[in-house]
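Enquirer: Okay, handing you the structure first.
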Amino acid sequence: MNSLTKTLGVLVLSIGIMPIPNSAAGNGAEAFEKLKSLVGHWETDKTNMNKATLDLELTSGGTAVLEKFHMVDNDKPVEMTTLYYLDGDQVKLTHYCMAGNQPTMKGSYAPESKTLTFDLVSISNLKTPNDGHMHHATYTFIDNDHFKTTWTFRKEQKDAFTEDVTYVRTK
């Protein structure tokens with residue numbers, strides 16, 4: 001009995017000192033609702049040199065938002081897919097890139113600036129740390145019919161370039 005009491009005491013103490021995750025950190029549910037509001041067809045605004053489209057749809061019983069990116073570059077179609085979802089109370093994305101890798105990023109939403117910022121947490125199919133990949137993304141929700149994205153591409157373990165695009169809802 002004495003040994004059982006000690007074991008239970010250690011267990012209770014261990015539970016008492018375990019860190020408790022901050023459920024408000026990142027505002028995942030609110031951020032995911034903002035992403036769901038983007039469902040529809042989008043085109044680049046007139047200031048963008050390359051015409052591109054985004055189609056966003058709700059999928060998997062409303063638990064994920066699927067984004068399909070399309071454009072033509074040097075007469076060749078470019079297509080990429082990004083999946084947005086909640087992982088517990090954290091919003092995440094997995095980007096299926098034309099670079100052949102799949103970065104997963106977790107997001108943090110700042111309602112006061114209407115900005116959702118994603119940072120890399122893991123990546124599959126990256127052969128070396130020097131290979132090029134998307135490393136960071138920011139979404140700014142301008143109004144119901146406009147939003148801006150800024151994606152940062154990293155190569156040689158340094159930010160190589162960013163892609164800033166404003167999209168306009170067409171449907």
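Note on naming: chains are A, B, ... as they come in the structure tokens, residues start from 1 per chain, ligands start from 1 in the order shown.
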I need the helix (DSSP H, G or I) residues of chain A per DSSP on the backbone, written as a PyMOL selection string.
Expert: chain A and resi 2-17+28-36+60-62
Enquirer: Tell me, as an mmCIF file with all heavy atoms, in the first residue's frame, which residues lie within 6 Å of segment 148-161 of chain A, counting only C-alpha atoms; anything in the same chain fewer than 4 positions away does not count.
Expert:
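The new file around.cif reads:
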data_model
loop_
_atom_site.group_PDB
_atom_site.id
_atom_site.type_symbol
_atom_site.label_atom_id
_atom_site.label_comp_id
_atom_site.auth_asym_id
_atom_site.auth_seq_id
_atom_site.Cartn_x
_atom_site.Cartn_y
_atom_site.Cartn_z
ATOM 1 N N ASN A 130 19.447 22.936 -48.188
ATOM 2 C CA ASN A 130 19.713 24.001 -49.146
ATOM 3 C C ASN A 130 18.705 24.043 -50.302
ATOM 4 O O ASN A 130 18.668 25.003 -51.055
ATOM 5 C CB ASN A 130 21.128 23.867 -49.720
ATOM 6 C CG ASN A 130 22.176 24.227 -48.698
ATOM 7 O OD1 ASN A 130 21.965 25.086 -47.850
ATOM 8 N ND2 ASN A 130 23.308 23.547 -48.751
ATOM 9 N N ASP A 131 17.905 22.979 -50.457
ATOM 10 C CA ASP A 131 16.934 22.940 -51.549
ATOM 11 C C ASP A 131 15.859 24.004 -51.359
ATOM 12 O O ASP A 131 15.503 24.351 -50.233
ATOM 13 C CB ASP A 131 16.282 21.565 -51.640
ATOM 14 C CG ASP A 131 17.228 20.517 -52.206
ATOM 15 O OD1 ASP A 131 18.281 20.887 -52.763
ATOM 16 O OD2 ASP A 131 16.912 19.321 -52.085
ATOM 17 N N GLY A 132 15.338 24.482 -52.467
ATOM 18 C CA GLY A 132 14.315 25.517 -52.426
ATOM 19 C C GLY A 132 12.974 24.996 -51.947
ATOM 20 O O GLY A 132 12.575 23.877 -52.280
ATOM 21 N N HIS A 133 12.292 25.823 -51.150
ATOM 22 C CA HIS A 133 10.967 25.464 -50.626
ATOM 23 C C HIS A 133 10.257 26.705 -50.090
ATOM 24 O O HIS A 133 10.889 27.691 -49.737
ATOM 25 C CB HIS A 133 11.087 24.429 -49.503
ATOM 26 C CG HIS A 133 11.833 24.930 -48.310
ATOM 27 N ND1 HIS A 133 13.218 24.954 -48.255
ATOM 28 C CD2 HIS A 133 11.403 25.445 -47.138
ATOM 29 C CE1 HIS A 133 13.591 25.460 -47.093
ATOM 30 N NE2 HIS A 133 12.507 25.767 -46.387
ATOM 31 N N MET A 134 8.956 26.633 -50.044
ATOM 32 C CA MET A 134 8.177 27.687 -49.400
ATOM 33 C C MET A 134 8.378 27.554 -47.891
ATOM 34 O O MET A 134 8.297 26.460 -47.351
ATOM 35 C CB MET A 134 6.692 27.593 -49.759
ATOM 36 C CG MET A 134 6.407 27.998 -51.179
ATOM 37 S SD MET A 134 6.873 29.728 -51.451
ATOM 38 C CE MET A 134 6.415 29.920 -53.161
ATOM 39 N N HIS A 135 8.659 28.688 -47.257
ATOM 40 C CA HIS A 135 9.051 28.653 -45.847
ATOM 41 C C HIS A 135 8.124 29.464 -44.946
ATOM 42 O O HIS A 135 8.070 29.241 -43.748
ATOM 43 C CB HIS A 135 10.483 29.188 -45.721
ATOM 44 C CG HIS A 135 11.128 28.894 -44.420
ATOM 45 N ND1 HIS A 135 11.681 27.664 -44.139
ATOM 46 C CD2 HIS A 135 11.305 29.649 -43.312
ATOM 47 C CE1 HIS A 135 12.188 27.683 -42.917
ATOM 48 N NE2 HIS A 135 11.960 28.868 -42.384
ATOM 49 N N HIS A 136 7.398 30.393 -45.529
ATOM 50 C CA HIS A 136 6.582 31.318 -44.751
ATOM 51 C C HIS A 136 5.473 31.845 -45.657
ATOM 52 O O HIS A 136 5.675 31.994 -46.857
ATOM 53 C CB HIS A 136 7.487 32.475 -44.278
ATOM 54 C CG HIS A 136 6.805 33.527 -43.482
ATOM 55 N ND1 HIS A 136 6.603 33.419 -42.133
ATOM 56 C CD2 HIS A 136 6.283 34.722 -43.841
ATOM 57 C CE1 HIS A 136 5.991 34.514 -41.699
ATOM 58 N NE2 HIS A 136 5.786 35.311 -42.714
ATOM 59 N N ALA A 137 4.312 32.104 -45.092
ATOM 60 C CA ALA A 137 3.217 32.689 -45.871
ATOM 61 C C ALA A 137 2.403 33.618 -44.977
ATOM 62 O O ALA A 137 2.248 33.347 -43.786
ATOM 63 C CB ALA A 137 2.314 31.609 -46.449
ATOM 64 N N THR A 138 1.922 34.694 -45.559
ATOM 65 C CA THR A 138 1.062 35.633 -44.842
ATOM 66 C C THR A 138 -0.168 35.905 -45.694
ATOM 67 O O THR A 138 -0.051 36.177 -46.892
ATOM 68 C CB THR A 138 1.798 36.963 -44.563
ATOM 69 O OG1 THR A 138 2.974 36.683 -43.808
ATOM 70 C CG2 THR A 138 0.916 37.924 -43.788
ATOM 71 N N TYR A 139 -1.322 35.811 -45.060
ATOM 72 C CA TYR A 139 -2.585 36.142 -45.702
ATOM 73 C C TYR A 139 -3.159 37.360 -45.002
ATOM 74 O O TYR A 139 -3.271 37.383 -43.780
ATOM 75 C CB TYR A 139 -3.582 34.992 -45.578
ATOM 76 C CG TYR A 139 -3.373 33.885 -46.586
ATOM 77 C CD1 TYR A 139 -2.131 33.298 -46.757
ATOM 78 C CD2 TYR A 139 -4.421 33.434 -47.359
ATOM 79 C CE1 TYR A 139 -1.943 32.286 -47.677
ATOM 80 C CE2 TYR A 139 -4.242 32.422 -48.283
ATOM 81 C CZ TYR A 139 -2.994 31.850 -48.439
ATOM 82 O OH TYR A 139 -2.814 30.857 -49.354
ATOM 83 N N THR A 140 -3.523 38.380 -45.786
ATOM 84 C CA THR A 140 -4.163 39.574 -45.247
ATOM 85 C C THR A 140 -5.564 39.649 -45.833
ATOM 86 O O THR A 140 -5.728 39.684 -47.062
ATOM 87 C CB THR A 140 -3.355 40.838 -45.586
ATOM 88 O OG1 THR A 140 -2.024 40.682 -45.093
ATOM 89 C CG2 THR A 140 -3.990 42.076 -44.955
ATOM 90 N N VAL A 165 0.821 38.766 -53.904
ATOM 91 C CA VAL A 165 -0.283 38.736 -54.855
ATOM 92 C C VAL A 165 -1.567 39.160 -54.143
ATOM 93 O O VAL A 165 -1.855 38.696 -53.039
ATOM 94 C CB VAL A 165 -0.474 37.337 -55.466
ATOM 95 C CG1 VAL A 165 -1.627 37.335 -56.456
ATOM 96 C CG2 VAL A 165 0.798 36.845 -56.126
ATOM 97 N N THR A 166 -2.328 40.034 -54.788
ATOM 98 C CA THR A 166 -3.653 40.387 -54.310
ATOM 99 C C THR A 166 -4.665 39.699 -55.222
ATOM 100 O O THR A 166 -4.537 39.757 -56.453
ATOM 101 C CB THR A 166 -3.859 41.909 -54.312
ATOM 102 O OG1 THR A 166 -2.896 42.495 -53.431
ATOM 103 C CG2 THR A 166 -5.262 42.275 -53.845
#
Enquirer: Taking only segment 23-163 of chain A into account, list the residues labelled strand (DSSP E) by DSSP (computed from the backbone), as a PyMOL selection string.
Expert: chain A and resi 40-44+52-59+64-73+76-87+90-96+102-110+115-124+133-143+146-155+158-163
Enquirer: In terms of the shortest atom-to-atom distance over only C-alpha atoms, which of A:Ala99, A:Val78, A:Ala52, A:Leu93 is closest to Val65 of chain A?
Expert: A:Leu93
Enquirer: Hey, what's within 7 Å of Tyr96 of chain A if we count only C-alpha atoms and toss same-chain stuff fewer than 5 positions away? As a ChimeraX atom specification, please?
Expert: /A:80-82,101-102
Enquirer: At a cut-off of 7 Å, using only C-alpha atoms, what residues contact Val39 of chain A? Leave out same-chain residues fewer than 2 positions from it and give the result as a PyMOL selection string.
Expert: chain A and resi 36-37+56-58
Enquirer: Could you list, as a list in words, every residue within 12 Å of Glu112 of chain A, counting only C-alpha atoms and ignoring same-chain residues fewer than 3 positions away?
Expert: Tyr109, Thr115, Leu116, Thr140, Phe141 and Ile142 of chain A
Enquirer: If you measure from atom CA of Lys76 of chain A to atom CA of Asn48 of chain A, what distance in Å do you get, rounded to one decimal?
Expert: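 Result for atom CA of Lys76 of chain A versus atom CA of Asn48 of chain A: 18.2 Å, one decimal.
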Enquirer: Quick one, how far is atom CA of Asp55 of chain A from atom CA of Lys68 of chain A?
Expert: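 Atom CA of Lys68 of chain A lies at a distance of 5.2 Å from atom CA of Asp55 of chain A.
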Enquirer: Which residue is closest to Glu30 of chain A? Choose from A:Phe69, A:Tyr85, A:Phe147, A:Tyr167 and count only C-alpha atoms.
Expert: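 Of A:Phe69, A:Tyr85, A:Phe147, A:Tyr167, the one nearest Glu30 of chain A, counting only C-alpha atoms, is A:Tyr85.
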Enquirer: Between A:Thr59, A:Asn125, A:Asn50, A:Gln90, which residue has the minimum interatomic distance to Asp73 of chain A, considering only C-alpha atoms?
Expert: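 Going through A:Thr59, A:Asn125, A:Asn50, A:Gln90 one by one, the smallest distance to Asp73 of chain A is for A:Asn50.
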Enquirer: Any idea what's packed within 8 Å of segment 105-108 of chain A, counting only C-alpha atoms, ignoring anything in its chain fewer than 3 positions away? Could you give it as a PDB file with N, CA and C atoms, in the first residue's frame?
Expert:
ATOM      1  N   ALA A  25      -3.504  30.607 -28.091  1.00  0.00           N
ATOM      2  CA  ALA A  25      -2.380  30.916 -28.968  1.00  0.00           C
ATOM      3  C   ALA A  25      -2.724  30.556 -30.407  1.00  0.00           C
ATOM      4  N   GLY A  26      -2.584  31.513 -31.286  1.00  0.00           N
ATOM      5  CA  GLY A  26      -2.787  31.277 -32.701  1.00  0.00           C
ATOM      6  C   GLY A  26      -4.206  31.490 -33.181  1.00  0.00           C
ATOM      7  N   ASN A  27      -5.207  31.489 -32.304  1.00  0.00           N
ATOM      8  CA  ASN A  27      -6.606  31.671 -32.692  1.00  0.00           C
ATOM      9  C   ASN A  27      -6.982  30.768 -33.857  1.00  0.00           C
ATOM     10  N   GLY A  28      -6.679  29.472 -33.740  1.00  0.00           N
ATOM     11  CA  GLY A  28      -6.875  28.529 -34.835  1.00  0.00           C
ATOM     12  C   GLY A  28      -8.279  28.466 -35.387  1.00  0.00           C
ATOM     13  N   ALA A  31      -9.115  31.652 -37.238  1.00  0.00           N
ATOM     14  CA  ALA A  31      -8.348  31.698 -38.487  1.00  0.00           C
ATOM     15  C   ALA A  31      -8.959  30.763 -39.528  1.00  0.00           C
ATOM     16  N   GLN A  90      -4.946  24.504 -33.517  1.00  0.00           N
ATOM     17  CA  GLN A  90      -3.974  25.203 -34.358  1.00  0.00           C
ATOM     18  C   GLN A  90      -4.347  25.061 -35.827  1.00  0.00           C
ATOM     19  N   VAL A  91      -4.387  26.180 -36.569  1.00  0.00           N
ATOM     20  CA  VAL A  91      -4.623  26.101 -38.007  1.00  0.00           C
ATOM     21  C   VAL A  91      -3.292  25.782 -38.682  1.00  0.00           C
ATOM     22  N   LYS A  92      -3.358  24.894 -39.663  1.00  0.00           N
ATOM     23  CA  LYS A  92      -2.152  24.500 -40.400  1.00  0.00           C
ATOM     24  C   LYS A  92      -2.447  24.462 -41.888  1.00  0.00           C
ATOM     25  N   LEU A  93      -1.379  24.422 -42.655  1.00  0.00           N
ATOM     26  CA  LEU A  93      -1.488  24.211 -44.089  1.00  0.00           C
ATOM     27  C   LEU A  93      -0.417  23.229 -44.512  1.00  0.00           C
ATOM     28  N   THR A  94      -0.709  22.490 -45.560  1.00  0.00           N
ATOM     29  CA  THR A  94       0.295  21.693 -46.259  1.00  0.00           C
ATOM     30  C   THR A  94       0.222  22.125 -47.712  1.00  0.00           C
ATOM     31  N   LEU A 116      -3.127  36.501 -41.156  1.00  0.00           N
ATOM     32  CA  LEU A 116      -2.853  35.115 -40.787  1.00  0.00           C
ATOM     33  C   LEU A 116      -1.446  34.793 -41.268  1.00  0.00           C
ATOM     34  N   THR A 117      -0.554  34.492 -40.323  1.00  0.00           N
ATOM     35  CA  THR A 117       0.846  34.251 -40.639  1.00  0.00           C
ATOM     36  C   THR A 117       1.171  32.775 -40.420  1.00  0.00           C
ATOM     37  N   PHE A 118       1.761  32.152 -41.426  1.00  0.00           N
ATOM     38  CA  PHE A 118       2.147  30.744 -41.356  1.00  0.00           C
ATOM     39  C   PHE A 118       3.664  30.623 -41.343  1.00  0.00           C
ATOM     40  N   ASP A 119       4.183  29.739 -40.474  1.00  0.00           N
ATOM     41  CA  ASP A 119       5.619  29.467 -40.400  1.00  0.00           C
ATOM     42  C   ASP A 119       5.865  27.967 -40.509  1.00  0.00           C
ATOM     43  N   LEU A 120       6.946  27.614 -41.184  1.00  0.00           N
ATOM     44  CA  LEU A 120       7.296  26.216 -41.434  1.00  0.00           C
ATOM     45  C   LEU A 120       7.485  25.439 -40.134  1.00  0.00           C
ATOM     46  N   VAL A 121       6.879  24.237 -40.078  1.00  0.00           N
ATOM     47  CA  VAL A 121       7.110  23.340 -38.945  1.00  0.00           C
ATOM     48  C   VAL A 121       7.736  22.022 -39.394  1.00  0.00           C
ATOM     49  N   SER A 122       7.458  21.615 -40.644  1.00  0.00           N
ATOM     50  CA  SER A 122       8.070  20.394 -41.173  1.00  0.00           C
ATOM     51  C   SER A 122       7.944  20.423 -42.690  1.00  0.00           C
ATOM     52  N   HIS A 135       8.659  28.688 -47.257  1.00  0.00           N
ATOM     53  CA  HIS A 135       9.051  28.653 -45.847  1.00  0.00           C
ATOM     54  C   HIS A 135       8.124  29.464 -44.946  1.00  0.00           C
ATOM     55  N   HIS A 136       7.398  30.393 -45.529  1.00  0.00           N
ATOM     56  CA  HIS A 136       6.582  31.318 -44.751  1.00  0.00           C
ATOM     57  C   HIS A 136       5.473  31.845 -45.657  1.00  0.00           C
TER      58      HIS A 136
END
